[in-house]
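Asker: Dumping the structure here so I can ask a few things about it.
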Amino acid sequence: MENKEIGVMCDDNRFELIEKYKQKLIKATNIETAKEEMKVLDSVLFRMWQMGWLDTLEEKDQNNEIKTKFKIGDKVWTIKKVNKYIKCPKCKDKGKELIGNIEYHCANCYGQGTVLTNELEWVVQKENPCEITRIKILLEKDRTEIVYLGGENIFIADYLG
Ligand SMILES: [Zn+2]
């Protein structure tokens, strides 16, 4: 019996919703200067809650919320495109070759063991994680652009929709 009552109380979001939309109204209008309206505001909002209208508003609000991948304060690692090196095919990354009994620097990789290719590859810049300090959201007609900013020159763009 007791448990059931607690359950009902927890499910009841009326006070929370009424307070939320009361504050919204006060913020967005000059209703606070109208004493007569303020007197009935709680009961009007209660009736709206009874009609289920506040739940509808709440649903709409939640749908409008933009979910960002990162939050302010999140640490992220950035990636950059760099030239791709591969193991030297001639010396198999040893950097040396034997000619007769004499060991020479590999002529193909100049003793480096790796050679540069024409390809580019993405690498994670592990040495500098960066903290996101700002998030800019640009709403457009059919897409949303989210830009995360942090550190000195960190700029990460994400497009939704
Ligand atoms: Zn080599």
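Just remember, in the structure tokens the first chain shown is A, the second B, etc., residues are 1-based per chain, and ligands are 1-based in the order shown.
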Could you give me, as a PyMOL selection string, the residues within 10 Å of range 138-152 of chain A, counting only C-alpha atoms and dropping anything in the same chain fewer than 4 positions from it?

Answerer: chain A and resi 66-76+128-134+156-161

Asker: Residues of chain A that approach ligand 1 to 10 Å or less, counting only C-alpha atoms and all ligand atoms: could you list each one with the shortest pair of atoms and its distance in Å to one decimal, rows by chain and increasing residue number, as a tab-separated table?

Answerer:
```
residue	atom	partner	partner_atom_place_in_ligand_line	distance
A:Lys87	CA	ligand 1	1 (Zn)	7.7
A:Cys88	CA	ligand 1	1 (Zn)	4.5
A:Pro89	CA	ligand 1	1 (Zn)	6.6
A:Lys90	CA	ligand 1	1 (Zn)	5.1
A:Cys91	CA	ligand 1	1 (Zn)	4.1
A:Lys92	CA	ligand 1	1 (Zn)	6.4
A:Asp93	CA	ligand 1	1 (Zn)	5.8
A:Lys94	CA	ligand 1	1 (Zn)	6.5
A:Gly95	CA	ligand 1	1 (Zn)	4.5
A:Lys96	CA	ligand 1	1 (Zn)	6.4
A:Glu97	CA	ligand 1	1 (Zn)	7.7
A:His105	CA	ligand 1	1 (Zn)	7.7
A:Cys106	CA	ligand 1	1 (Zn)	4.5
A:Ala107	CA	ligand 1	1 (Zn)	6.5
A:Asn108	CA	ligand 1	1 (Zn)	4.9
A:Cys109	CA	ligand 1	1 (Zn)	4.1
A:Tyr110	CA	ligand 1	1 (Zn)	6.4
A:Gly111	CA	ligand 1	1 (Zn)	5.9
A:Gln112	CA	ligand 1	1 (Zn)	6.5
A:Gly113	CA	ligand 1	1 (Zn)	4.7
A:Thr114	CA	ligand 1	1 (Zn)	6.4
A:Val115	CA	ligand 1	1 (Zn)	7.5
```

Asker: Taking only range 7-161 of chain A into account, list the residues labelled alpha helix (DSSP H) by DSSP (computed from the backbone), as a ChimeraX atom specification.

Answerer: /A:7-11,14-28,35-50,53-64

Asker: Please measure the separation of CA of Asn63 in chain A and CA of Met51 in chain A, giving the value in Å to one decimal.

Answerer: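 About the pair CA of Asn63 in chain A and CA of Met51 in chain A: they are 20.4 Å apart.
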
Asker: Write out as a VMD selection string the residues lying within 9 Å of Asn83 in chain A, counting only C-alpha atoms and excluding same-chain residues fewer than 3 positions away.

Answerer: chain A and resid 116 to 122

Asker: Kindly indicate which residue among A:Glu19, A:Asp61, A:Glu127, A:Asp55 lies nearest to Leu41 in chain A, using only C-alpha atoms for the distances.

Answerer: A:Glu19

Asker: What parts of chain A does DSSP call strand (DSSP E or B)? I'd like the answer as a VMD selection string.

Answerer: chain A and resid 75 to 87 96 to 99 102 to 105 114 to 139 144 to 150 154 to 160

Asker: Which is closest to Val82 in chain A among A:Ile137, A:Ile26, A:Val124, A:Met38, if we use only C-alpha atoms?

Answerer: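 Between A:Ile137, A:Ile26, A:Val124, A:Met38, the residue approaching Val82 in chain A most closely is A:Val124.
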
Asker: Please measure the separation of CA of Gly52 in chain A and CA of Leu17 in chain A, giving the value in Å to one decimal.

Answerer: 10.8 Å

Asker: Nearest to Leu57 in chain A: which of A:Ser43, A:Gln125, A:Lys24, A:Ala34 is it, counting only C-alpha atoms?

Answerer: A:Lys24

Asker: Find the distance between CA of Glu59 in chain A and CA of Lys27 in chain A and write it in Å to one decimal.

Answerer: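 About the pair CA of Glu59 in chain A and CA of Lys27 in chain A: they are 20.2 Å apart.
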